[in-house]
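Asker: Can you read through this structure? Questions will come right after.
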Protein chains: 4
Amino acid sequence: MMTKAEYVESLRKLHFDLWMFGKKIENPVDNPVIRPSMNAFAATYELAEDPQYEDLMTVTSSLTGKKINRFTHLHQSADDLIKKVKMQRLMGQKTAACFQRCVGLDAANAVFSTTYETDEACNTKYHENFKKFWTMVQDNDYGVDGAMTDVKGDRSLSPSQQADPDLFLHVVERTADGIYVTGAKAHQTGYVNSHYVIVMPTISMREGDEDYAVSFACPTDAKGIKLILGRQSCDTRKLEEFSDIDVGNKVYGGHEVLVIFDRVFIPNDMIFLNGETQFAGMMVERFAGYHRQSYGGCKVGVGDVLIGATALAGEMAGSSKASHVKDKLIEMNHLNETLYCCGIACSSQGTKTKAGNYLIDLLLANVCKQNVTRFPYEIARLAQDLAGGIMVTQPSEADYRNPELRPYIEKYLKGVASVPTEKRMRVLRLIENMTMGTAAVGYLPESMHGAGSPQAQRIMISRQANMEMKKQLAKAIARID
Amino acid sequence: MMTKAEYVESLRKLHFDLWMFGKKIENPVDNPVIRPSMNAFAATYELAEDPQYEDLMTVTSSLTGKKINRFTHLHQSADDLIKKVKMQRLMGQKTAACFQRCVGLDAANAVFSTTYETDEACNTKYHENFKKFWTMVQDNDYGVDGAMTDVKGDRSLSPSQQADPDLFLHVVERTADGIYVTGAKAHQTGYVNSHYVIVMPTISMREGDEDYAVSFACPTDAKGIKLILGRQSCDTRKLEEFSDIDVGNKVYGGHEVLVIFDRVFIPNDMIFLNGETQFAGMMVERFAGYHRQSYGGCKVGVGDVLIGATALAGEMAGSSKASHVKDKLIEMNHLNETLYCCGIACSSQGTKTKAGNYLIDLLLANVCKQNVTRFPYEIARLAQDLAGGIMVTQPSEADYRNPELRPYIEKYLKGVASVPTEKRMRVLRLIENMTMGTAAVGYLPESMHGAGSPQAQRIMISRQANMEMKKQLAKAIARID
Amino acid sequence: MMTKAEYVESLRKLHFDLWMFGKKIENPVDNPVIRPSMNAFAATYELAEDPQYEDLMTVTSSLTGKKINRFTHLHQSADDLIKKVKMQRLMGQKTAACFQRCVGLDAANAVFSTTYETDEACNTKYHENFKKFWTMVQDNDYGVDGAMTDVKGDRSLSPSQQADPDLFLHVVERTADGIYVTGAKAHQTGYVNSHYVIVMPTISMREGDEDYAVSFACPTDAKGIKLILGRQSCDTRKLEEFSDIDVGNKVYGGHEVLVIFDRVFIPNDMIFLNGETQFAGMMVERFAGYHRQSYGGCKVGVGDVLIGATALAGEMAGSSKASHVKDKLIEMNHLNETLYCCGIACSSQGTKTKAGNYLIDLLLANVCKQNVTRFPYEIARLAQDLAGGIMVTQPSEADYRNPELRPYIEKYLKGVASVPTEKRMRVLRLIENMTMGTAAVGYLPESMHGAGSPQAQRIMISRQANMEMKKQLAKAIARID
Amino acid sequence: MMTKAEYVESLRKLHFDLWMFGKKIENPVDNPVIRPSMNAFAATYELAEDPQYEDLMTVTSSLTGKKINRFTHLHQSADDLIKKVKMQRLMGQKTAACFQRCVGLDAANAVFSTTYETDEACNTKYHENFKKFWTMVQDNDYGVDGAMTDVKGDRSLSPSQQADPDLFLHVVERTADGIYVTGAKAHQTGYVNSHYVIVMPTISMREGDEDYAVSFACPTDAKGIKLILGRQSCDTRKLEEFSDIDVGNKVYGGHEVLVIFDRVFIPNDMIFLNGETQFAGMMVERFAGYHRQSYGGCKVGVGDVLIGATALAGEMAGSSKASHVKDKLIEMNHLNETLYCCGIACSSQGTKTKAGNYLIDLLLANVCKQNVTRFPYEIARLAQDLAGGIMVTQPSEADYRNPELRPYIEKYLKGVASVPTEKRMRVLRLIENMTMGTAAVGYLPESMHGAGSPQAQRIMISRQANMEMKKQLAKAIARID
């Protein structure tokens with residue numbers, strides 16, 4: 001396994017065509033806007049080095065028998081699935097941010113089992129390709145991004161109906177050695193901190209969509225890939241002279257990138273799907289399922305910090321004994337733990353795939369996701385309610401560092417006498433950061449595939465199947481038919 | 001194990017001092033008001049005879065090595081806890097009612113582990129007493145009730161502060177051979193269908209409360225026990241001449257009893273706690289925890305039937321393709337499955353007690369319970385919304401059976417042409433029964449211990465302990481102190 | 001105006017073909033099941049006699065200049081609309097039940113303005129017909145029912161597509177003197193307590209639906225009308241020997257009737273619409289609008305009693321000082337007053353129709369209705385939570401009246417020492433009655449027209465119109481186009 | 001009345017001791033961070049010049065009989081109160097931001113009536129002082145801020161218990177000519193755009209708090225006042241070279257200021273309260289009441305734009321026909337209009353004060369506020385859900401303006417073919433701005449006075465008074481006592 005230090009060094013060797021604020025970024029590792037996201041990703045290496053977290057953060061590889069980082073593991077049991085969720089909660093607690101390495105893990109587990117079933121049905125060799133690739137990833141402890149969401153253009157049209165064929169990533173040329181692909185994947189989390197990317201289709205496909213039914217891996221800095229970093233709320237605060245307090249969580253963060261593929265070449269042995277339209281849906285559904293499970297861990301860990309910070313802000317303001325404050329903190333915990341229940345439950349009910357790795361219960365993972373689109377908002381609302389207006393109106397750190405203003409700020413932003421004003425400001429900024437800033441994107445999983453997506457429809461279908469049974473029960477009890 | 005038929009016969013041998021509507025009930029087994037609850041309880045025997053449910057309904061006893069009904073099992077693993085929840089969901093699906101045998105199961109597991117720890121600390125022999133008693137229960141496959149909730153009088157006063165000392169059940173005399181107890185346990189589910197009752201204290205106790213810190217078992221028809229059956233909505237419909245449709249679910253139901261102990265004698269070997277105030281709270285908390293887990297199974301199974309019935313009612317009215325109908329059914333499923341996630345999660349995270357049986361995760365079980373006080377109401381609201389006004393305004397079955405009225409009712413209560421009107425009426429009555437009638441009591445778990453109970457306070461405390469950790473995380477990330 | 005006593009006597013002169021529980025009811029006035037609904041209706045007369053409510057309950061007629069009961073008034077100002085809501089809140093507070101006279105009032109105001117506009121467009125004389133009819137109603141202070149909801153059969157089919165043409169009420173024959181109508185109106189509130197009924201179509205109509213676009217008035221006991229009373233939860237409790245406590249609210253209640261028209265003859269001067277399909281929708285929309293406003297008054301008044309009863313139950317149990325009890329009572333009030341805000345707001349923003357009476361703001365009335373489908377459920381949930389399990393498991397009054405049982409019940413259902421047990425039982429039964437019993441039907445306005453109704457669609461359309469403006473605003477601020 | 005141009009010029013004459021980002025701001029009018037807030041405030045002048053809004057934006061002064069801006073009006077009727085709400089909704093629609101002039105209006109109406117009653121009781125002359133001051137404000141059409149919220153230090157302590165006496169603003173010296181005051185008012189909205197400030201106490205006072213029971217007006221740039229501007233999310237985007245799109249709503253915004261009073265002298269004729277502790281609470285309650293009403297207008301107008309923008313974003317993405325999209329837009333409207341109902345209702349039920357101006361219904365205004373702490377969050381959640389991930393991950397405008405990147409962004413951020421990409425980016429940024437950025441502070445009214453404030457307690461008390469009546473009703477219906 002790589003150490004954190006080795007990981008950071010390894011990133012310096014990547015050569016991205018990366019742009020931000022209209023300028024090319026030559027050295028993302030040391031860029032103050034990107035660095036916090038790198039730190040959060042790096043924490044997946046750092047905690048794996050820590051003996052106290054060995055059981056959660058590391059595991060024996062099913063491919064090689066070697067000790068590996070659990071973020072590269074193919075889950076071998078329901079217990080593995082539960083440990084994944086617990087690892088994610090731990091990581092969320094440690095970073096209070098998106099640590100970005102889940103998408104690759106989720107992609108790997110989805111592609112591993114889907115390629116197996118594709119090969120079985122289509123006599124292809126994708127599973128072997130993937131196993132070889134993933135063994136290399138495990139051996140080197142690489143960071144891997146998983147790219148699913150196409151930009152999609154007009155959502156009322158299918159890929160082939162779009163005015164511009166590139167609005168869904170697709171094969172533009174097939175050669176004996178491989179394929180050329182063009183298109184773009186939107187809001188890719190952690191891309192710049194990853195060595196490889198696994199690309200998957202974004203929706204189920206039908207006959208005629210063969211060029212869009214494509215999955216593969218490639219180096220993140222492959223020729224023909226152009227990257228534009230997305231804006232975040234408060235992103236430029238990190239560039240300011242005094243920004244330690246103001247950023248709220250200066251050490252850790254996340255980032256999203258628009259990843260543009262312009263005739264990128266993929267050699268045959270890195271291809272995992274190439275025209276077998278009937279398996280696009282399976283890959284999408286399994287990836288989405290794993291990722292919905294992930295939210296039952298990472299968001300809960302982040303929620304833990306938010307609840308703690310809110311409790312702390314209440315103590316610092318002298319309001320922690322008011323009964324409505326206690327009740328709201330209990331409610332925040334209740335919602336956060338309900339989310340955790342969903343993460344644990346879909347894991348506990350996981351089952352073995354034909355390929356041998358474990359798949360979460362898809363229905364319960366959907367339930368997890370639906371709650372992720374609700375509860376974190378309510379938790380954030382309560383946090384803001386308790387933090388009070390000062391959270392969003394306190395002076396800047398630059399004001400605080402100004403000797404003429406500092407005594408006034410020290411004096412008038414004071415809460416309980418025993419707590420230094422600076423500490424109160426830090427905690428309030430942390431809450432602001434977690435409820436109004438960059439962290440919020442992680443709270444938008446519905447948007448991962450967008451409104452009206454086939455995923456959403458599939459939820460409905462799987463539930464309707466379920467409902468047939470329920471109707472039979474109702475009939476039996478009302479004794480009709 | 002008893003067969004269903006044997007179970008029913010065994011109940012005929014009990015001699016209760018039982019009252020309902022101001023009259024003594026000599027034969028509860030065949031009483032039309034009580035019979036449905038007996039049927040629901042009996043279903044726990046019936047399904048255990050069915051080979052297809054063998055894995056869920058039966059298990060090998062940890063005490064005797066014999067095959068037993070899982071409703072008498074001391075859970076030996078987290079998997080046992082999960083199977084308990086699944087068995088309860090199955091039972092809920094089969095009866096659409098409260099099947100009443102969970103309280104005894106939950107009481108047994110709580111008393112088993114608490115007596116072990118009491119003995120360890122106080123040099124008592126309660127655990128041996130309990131093991132002997134429970135072995136007898138398993139061997140005979142008895143139905144057992146678990147009685148916790150005292151009537152409690154003035155809730156702002158402790159047991160010993162009450163104007164009447166009997167408002168909490170207590171020891172009124174201690175002899176060499178045993179104790180005499182007086183008091184009352186409120187809304188006891190399934191009491192009349194049980195052979196034995198396990199009595200537990202209702203709250204934590206302090207020094208001075210020794211007489212109230214008492215737990216024991218006795219036959220349900222022990223001398224000195226008087227029973228008054230509680231009223232339910234629509235209870236007398238079961239007595240009407242035409243009641244097949246009108247009852248909604250005539251086969252299955254539930255009942256609650258006010259159980260009055262008037263100097264009931266308990267021999268020494270049936271006593272499980274007798275003055276060790278410091279262990280009252282543990283017994284209460286563990287029983288409550290198991291019971292909160294139970295709701296994550298039984299209510300979900302009942303919810304399955306309600307969702308199915310609502311979907312069926314929509315089809316019968318020709319409205320099932322409207323998008324708002326589909327959305328509401330999906331929402332009902334979402335809420336129901338979230339509840340299930342809580343039941344599964346608190347089971348999956350169960351841990352071994354000192355006595356060797358498994359205890360659910362208490363925090364997640366509390367989360368389960370909090371959601372049970374919310375989601376079933378919303379599911380019922382949506383069910384009523386979709387069922388429409390006709391659910392609560394349709395004519396009685398007696399009208400339907402009247403030859404002069406029947407043609408009009410056939411004609412005007414018709415939905416889609418292919419469905420006979422009687423079937424539609426049955427389904428609508430089932431929904432009425434499940435959302436407005438007797439089933440609703442099961443939707444009131446908060447009331448089990450009442451407003452402002454020590455249980456509620458304990459939730460808060462356990463969460464605050466949790467919050468200390470969360471505050472540390474928040475501090476670390478905001479880097480203060 | 002009629003006195004209460006005169007009103008009761010006047011009802012005795014009506015000759016209904018009325019059925020309940022399969023039997024013909026010759027004297028509904030003194031029938032214990034129906035009497036409470038009559039009492040609630042009669043309270044609209046009783047309070048109008050009371051000088052302290054003169055300003056709310058009475059008003060000067062716009063038709064005759066005489067003093068009339070406000071329940072027969074054609075609203076002449078926004079202030080009149082507000083007073084209507086306040087009168088309804090008062091009535092809800094006084095009866096804790098549905099007092100049934102709103103439907104006629106709402107029908108009258110809808111028909112008054114729609115007939116005016118129909119005449120203007122179609123050169124008909126319906127407005128004159130209606131004015132004559134309504135002057136007679138005002139002069140005699142008659143109780144009037146408003147009947148809209150058809151039974152509707154298969155909801156995916158239009159009236160003329162139904163297998164049975166009678167599933168929507170329609171004209172079956174036209175003669176020189178009038179029309180014959182056949183069909184059925186479902187769950188008619190207060191029909192048996194009314195002298196006349198105004199019948200309206202249930203949905204918008206299209207060309208080809210001429211026979212279904214019909215509105216008229218007739219005596220409630222007209223030849224050819226058959227009535228079947230709907231079942232309610234606990235309806236037969238009113239027939240029991242000891243039922244004073246058990247009914248919860250024995251004095252007041254409501255009822256719903258299936259009203260079957262079998263070739264009922266309507267003379268020309270009682271017809272208000274007869275084939276002018278383009279005005280069916282207007283009549284429906286305006287009636288529905290007024291009725292949605294009504295809920296912002298009556299349900300709030302009923303809510304007042306429920307909140308008071310819940311607070312009282314808390315005091316009687318000694319739990320009223322617990323902070324969670326206070327918080328829940330505040331939340332109940334908050335939700336109830338929000339509903340009231342909607343009732344007041346749609347009234348305050350009312351506007352004059354062409355005919356001269358005032359129409360509520362339809363959009364805000366829809367908002368009121370949407371909230372009525374949500375908040376009362378949450379209020380009821382909180383009431384049940386605070387009332388506790390004893391509300392649904394307490395013994396029957398017959399048990400309480402039994403001398404052998406009474407001492408036990410007195411003893412063990414006691415709350416705080418100063419409150420007699422019987423009083424506590426009464427309050428708990430009142431809460432049961434209001435949250436689980438007959439009152440609940442009033443909480444189901446969505447079901448009034450059923451799932452997927454044109455009304456529901458119209459809400460959407462009116463809102464989309466509204467949204468055009470909103471999009472323009474958004475565009476302007478983002479400065480595009 | 002001033003024109004917009006005159007207003008802007010008038011601000012240039014003010015000399016603030018104003019700081020931002022650690023630096024003194026000499027010219028706030030042209031500062032790009034502050035300018036949008038000035039524009040929003042200026043819109044209150046601009047719309048008053050527009051004949052189409054004359055009825056809402058202007059009114060005849062009750063003090064002078066002259067035509068004045070409604071933002072300086074003392075409400076003379078319930079209709080005036082309703083027009084205030086409609087004016088605020090209009091302003092919200094026009095600016096999609098906080099336009100900051102309500103606090104002064106609300107303060108004026110609260111102080112006008114409170115001084116009258118104080119004079120009546122205490123034989124003081126504050127009402128005359130205030131009338132003279134406010135006549136001058138109306139004649140000059142000044143912008144006025146209302147300052148209530150003290151920084152408050154340790155919220156578990158009263159003003160005089162604080163470690164630092166200045167944590168609540170108070171009189172530090174009394175002279176023959178006036179008083180000297182010291183302290184700080186937190187998050188003052190629009191202060192820098194105002195000519196005068198009305199200062200009020202922040203909580204009810206008791207005997208011993210005389211120095212804290214102080215109210216007065218002074219010029220916003222009075223000697224001894226130091227200002228520090230609060231940070232907002234994304235505040236520095238306005239300073240960036242390419243910021244037209246990125247700001248989302250570059251024209252309009254808001255600001256909050258920490259206003260520090262360091263021995264500011266207030267002459268006698270500008271004092272409105274000075275030691276009469278018993279009237280501090282009345283002033284606070286009335287100001288808070290008016291301000292809660294305000295939210296029922298301004299937030300609704302802002303909500304209109306957000307709903308429109310969300311609908312527009314859906315159309316641009318081709319998703320507007322999906323049923324879940326329509327349902328969510330309807331829900332957003334429903335919540336927004338419910339808020340409006342509260343604003344209208346508390347106005348409609350307003351009553352005349354002793355001083356002659358009109359006061360909103362305080363209970364219903366509290367209800368309005370409670371909903372403001374809930375619904376806008378849910379509206380924002382739904383807006384973000386529908387806008388999708390691209391809202392928070394799209395590239396910066398600087399990227400878009402870069403010729404090398406622009407073709408890629410044009411291509412891949414395209415939605416439906418007919419809409420230019422830039423327009424889509426603008427709309428998405430507008431939604432980001434309204435849901436994640438500076439606008440959010442306006443959504444935090446609970447924080448205005450902070451957790452556990454006396455205001456919050458007062459709500460409870462007023463409701464409990466209300467509940468006494470409700471209990472009487474419940475008792476009467478259950479016929480006890």
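Chain labels A, B, ... are given in the sequence in which chains occur in the structure tokens; within each chain residues are numbered consecutively from 1, and ligands are likewise numbered from 1 in the order shown.
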List as a ChimeraX atom specification the protein and nucleic acid residues near range 270-284 of chain B, meaning an atom at most 7 Å away when only C-alpha atoms are counted, but skip any in the same chain fewer than 5 places from it.
Answerer: /B:110-111,114-115,118,126,129-130,201-207,209-211,213-217
Asker: With N, CA, C and O atoms retained, could you export that selection as a compact mmCIF listing (two decimals), in the first residue's frame?
Answerer:
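Output contents, as saved in again26.txt:
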# COMPACT_ATOMS: atom_id res chain seq x y z
N ALA B 110 -34.74 -9.89 27.54
CA ALA B 110 -34.30 -8.84 28.46
C ALA B 110 -34.05 -9.40 29.85
O ALA B 110 -33.05 -9.09 30.50
N VAL B 111 -34.95 -10.25 30.32
CA VAL B 111 -34.83 -10.80 31.68
C VAL B 111 -33.66 -11.79 31.75
O VAL B 111 -32.94 -11.83 32.75
N THR B 114 -30.50 -9.64 32.03
CA THR B 114 -30.48 -8.78 33.21
C THR B 114 -30.32 -9.61 34.49
O THR B 114 -29.58 -9.24 35.40
N THR B 115 -31.01 -10.74 34.55
CA THR B 115 -30.87 -11.58 35.76
C THR B 115 -29.42 -12.06 35.91
O THR B 115 -28.90 -12.13 37.01
N THR B 118 -27.54 -9.21 37.34
CA THR B 118 -27.99 -8.96 38.71
C THR B 118 -27.35 -9.99 39.66
O THR B 118 -26.81 -9.63 40.71
N TYR B 126 -31.52 -15.29 40.42
CA TYR B 126 -32.61 -15.03 39.49
C TYR B 126 -32.40 -15.66 38.13
O TYR B 126 -33.35 -16.10 37.47
N ASN B 129 -33.48 -19.18 38.19
CA ASN B 129 -34.95 -19.19 38.18
C ASN B 129 -35.49 -19.01 36.77
O ASN B 129 -36.36 -19.74 36.32
N PHE B 130 -34.94 -17.99 36.10
CA PHE B 130 -35.47 -17.68 34.78
C PHE B 130 -35.19 -18.80 33.79
O PHE B 130 -36.05 -19.16 32.97
N PRO B 201 -40.61 -4.18 35.96
CA PRO B 201 -40.88 -2.81 36.37
C PRO B 201 -41.02 -1.92 35.14
O PRO B 201 -40.57 -2.27 34.05
N THR B 202 -41.61 -0.75 35.32
CA THR B 202 -41.92 0.12 34.18
C THR B 202 -40.92 1.23 34.01
O THR B 202 -40.86 1.87 32.96
N ILE B 203 -40.13 1.52 35.05
CA ILE B 203 -39.14 2.60 34.97
C ILE B 203 -37.92 2.24 35.81
O ILE B 203 -37.95 1.29 36.59
N SER B 204 -36.88 3.03 35.65
CA SER B 204 -35.72 2.93 36.52
C SER B 204 -36.13 3.24 37.95
O SER B 204 -37.09 3.98 38.17
N MET B 205 -35.39 2.69 38.88
CA MET B 205 -35.75 2.89 40.28
C MET B 205 -34.56 3.46 41.05
O MET B 205 -33.40 3.32 40.62
N ARG B 206 -34.88 4.09 42.14
CA ARG B 206 -33.86 4.62 43.04
C ARG B 206 -33.95 3.96 44.40
O ARG B 206 -34.95 3.29 44.69
N GLU B 207 -32.97 4.18 45.21
CA GLU B 207 -33.07 3.71 46.60
C GLU B 207 -34.39 4.19 47.20
O GLU B 207 -34.80 5.33 46.98
N ASP B 209 -37.18 2.71 46.47
CA ASP B 209 -38.20 2.12 45.61
C ASP B 209 -38.15 0.59 45.62
O ASP B 209 -38.69 -0.05 44.73
N GLU B 210 -37.52 0.00 46.61
CA GLU B 210 -37.25 -1.44 46.60
C GLU B 210 -38.51 -2.28 46.30
O GLU B 210 -38.44 -3.26 45.56
N ASP B 211 -39.62 -1.89 46.87
CA ASP B 211 -40.82 -2.71 46.68
C ASP B 211 -41.32 -2.67 45.24
O ASP B 211 -42.09 -3.53 44.80
N ALA B 213 -39.20 -2.47 42.60
CA ALA B 213 -38.21 -3.10 41.73
C ALA B 213 -38.45 -4.61 41.75
O ALA B 213 -37.73 -5.36 42.41
N VAL B 214 -39.46 -5.05 41.03
CA VAL B 214 -39.86 -6.44 41.12
C VAL B 214 -40.18 -7.00 39.74
O VAL B 214 -40.79 -6.34 38.91
N SER B 215 -39.70 -8.21 39.50
CA SER B 215 -39.98 -8.90 38.24
C SER B 215 -40.21 -10.37 38.55
O SER B 215 -39.56 -10.95 39.43
N PHE B 216 -41.14 -10.96 37.80
CA PHE B 216 -41.48 -12.35 38.06
C PHE B 216 -42.30 -12.89 36.91
O PHE B 216 -42.70 -12.14 36.01
N ALA B 217 -42.58 -14.20 36.95
CA ALA B 217 -43.55 -14.79 36.03
C ALA B 217 -44.63 -15.48 36.82
O ALA B 217 -44.41 -15.90 37.97
Asker: Per residue of chain D within 7 Å of chain A, note the shortest atom pair and the distance in Å to one decimal, counting only C-alpha atoms, and order the rows by chain and increasing residue number, as a Markdown table.
Answerer:
| residue | atom | partner | partner_atom | distance |
| --- | --- | --- | --- | --- |
| D:Met20 | CA | A:Asp399 | CA | 6.6 |
| D:Phe21 | CA | A:Ala398 | CA | 5.0 |
| D:Gly22 | CA | A:Asp399 | CA | 3.8 |
| D:Val151 | CA | A:Tyr412 | CA | 6.2 |
| D:Gly153 | CA | A:Gly415 | CA | 4.2 |
| D:Asp154 | CA | A:Val416 | CA | 4.4 |
| D:Arg155 | CA | A:Gly318 | CA | 4.8 |
| D:Ser156 | CA | A:Gly318 | CA | 5.1 |
| D:Ala163 | CA | A:Ala417 | CA | 6.6 |
| D:Leu167 | CA | A:Tyr412 | CA | 6.4 |
| D:Ala184 | CA | A:Tyr412 | CA | 6.8 |
| D:His187 | CA | A:Thr393 | CA | 5.7 |
| D:Ile228 | CA | A:Pro395 | CA | 6.4 |
| D:Leu229 | CA | A:Pro395 | CA | 6.0 |
| D:Gly230 | CA | A:Thr393 | CA | 4.3 |
| D:Arg231 | CA | A:Pro395 | CA | 5.5 |
| D:Gln232 | CA | A:Val392 | CA | 6.2 |
| D:Ser233 | CA | A:Cys234 | CA | 5.5 |
| D:Cys234 | CA | A:Cys234 | CA | 4.7 |
| D:Glu256 | CA | A:Thr393 | CA | 6.0 |
| D:Ala317 | CA | A:Asp154 | CA | 5.3 |
| D:Gly318 | CA | A:Asp154 | CA | 4.8 |
| D:Ser319 | CA | A:Arg155 | CA | 5.5 |
| D:Ala322 | CA | A:Gly452 | CA | 6.3 |
| D:Tyr377 | CA | A:Arg381 | CA | 7.0 |
| D:Arg381 | CA | A:Tyr377 | CA | 7.0 |
| D:Asp385 | CA | A:Ser447 | CA | 6.3 |
| D:Leu386 | CA | A:Ala451 | CA | 6.3 |
| D:Gly388 | CA | A:Ser447 | CA | 4.3 |
| D:Gly389 | CA | A:Ser447 | CA | 4.8 |
| D:Ile390 | CA | A:His187 | CA | 7.0 |
| D:Val392 | CA | A:Gln232 | CA | 6.3 |
| D:Thr393 | CA | A:Gly230 | CA | 4.3 |
| D:Gln394 | CA | A:Gly230 | CA | 4.8 |
| D:Pro395 | CA | A:Gly230 | CA | 4.3 |
| D:Ser396 | CA | A:Arg231 | CA | 5.5 |
| D:Ala398 | CA | A:Gly22 | CA | 4.6 |
| D:Asp399 | CA | A:Gly22 | CA | 3.8 |
| D:Asn402 | CA | A:Gly22 | CA | 5.6 |
| D:Tyr412 | CA | A:Val151 | CA | 6.2 |
| D:Leu413 | CA | A:Val151 | CA | 6.8 |
| D:Lys414 | CA | A:Gly153 | CA | 5.5 |
| D:Gly415 | CA | A:Gly153 | CA | 4.2 |
| D:Val416 | CA | A:Asp154 | CA | 4.4 |
| D:Ala417 | CA | A:Ala163 | CA | 6.6 |
| D:Met436 | CA | A:Met436 | CA | 5.5 |
| D:Val441 | CA | A:Val392 | CA | 6.4 |
| D:Leu444 | CA | A:Gly389 | CA | 6.7 |
| D:Glu446 | CA | A:Asp385 | CA | 6.4 |
| D:Ser447 | CA | A:Gly388 | CA | 4.2 |
| D:Met448 | CA | A:Gly389 | CA | 6.2 |
| D:Gly450 | CA | A:Gly388 | CA | 5.7 |
| D:Ala451 | CA | A:Leu386 | CA | 6.3 |
| D:Gly452 | CA | A:Ala322 | CA | 6.2 |
Asker: Rounded to one decimal place, report the CA of Thr338 in chain B-CA of Ser77 in chain A distance in Å.
Answerer: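 Computing the Euclidean distance for CA of Thr338 in chain B and CA of Ser77 in chain A yields 22.7 Å.
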Asker: Contacts of range 65-69 of chain D at 7 Å or less, counting only C-alpha atoms, minus same-chain residues fewer than 5 places along, as an NGL selection string?
Answerer: :D and (1 or 48 or 57-60 or 138 or 141)
Asker: Using only C-alpha atoms, determine which residues lie at most 9 Å from Leu339 in chain C, disregarding the query and same-chain residues fewer than 3 positions distant; provide the list as a ChimeraX atom specification.
Answerer: /C:295-297,299-300,334-336,342-344,368-369,371-372,375 /D:338,342
Asker: Could you take the residues named above and write them with C-alpha atoms, as a compact mmCIF listing (two decimals), in the first residue's frame?
Answerer:
# COMPACT_ATOMS: atom_id res chain seq x y z
CA TYR C 295 -62.09 23.97 5.84
CA GLY C 296 -59.95 26.91 6.92
CA GLY C 297 -62.67 27.66 9.47
CA LYS C 299 -61.41 22.27 10.86
CA VAL C 300 -59.63 24.98 12.82
CA HIS C 334 -48.93 26.34 14.97
CA LEU C 335 -50.35 23.97 12.41
CA ASN C 336 -53.93 24.81 13.30
CA CYS C 342 -55.15 30.11 4.70
CA GLY C 343 -58.87 30.41 5.37
CA ILE C 344 -58.54 34.08 6.24
CA CYS C 368 -55.88 25.94 2.14
CA LYS C 369 -57.21 22.61 0.97
CA ASN C 371 -52.87 21.98 3.94
CA VAL C 372 -56.11 20.46 5.19
CA PHE C 375 -51.94 19.36 9.00
CA THR D 338 -48.96 29.14 2.30
CA CYS D 342 -49.80 33.87 6.72
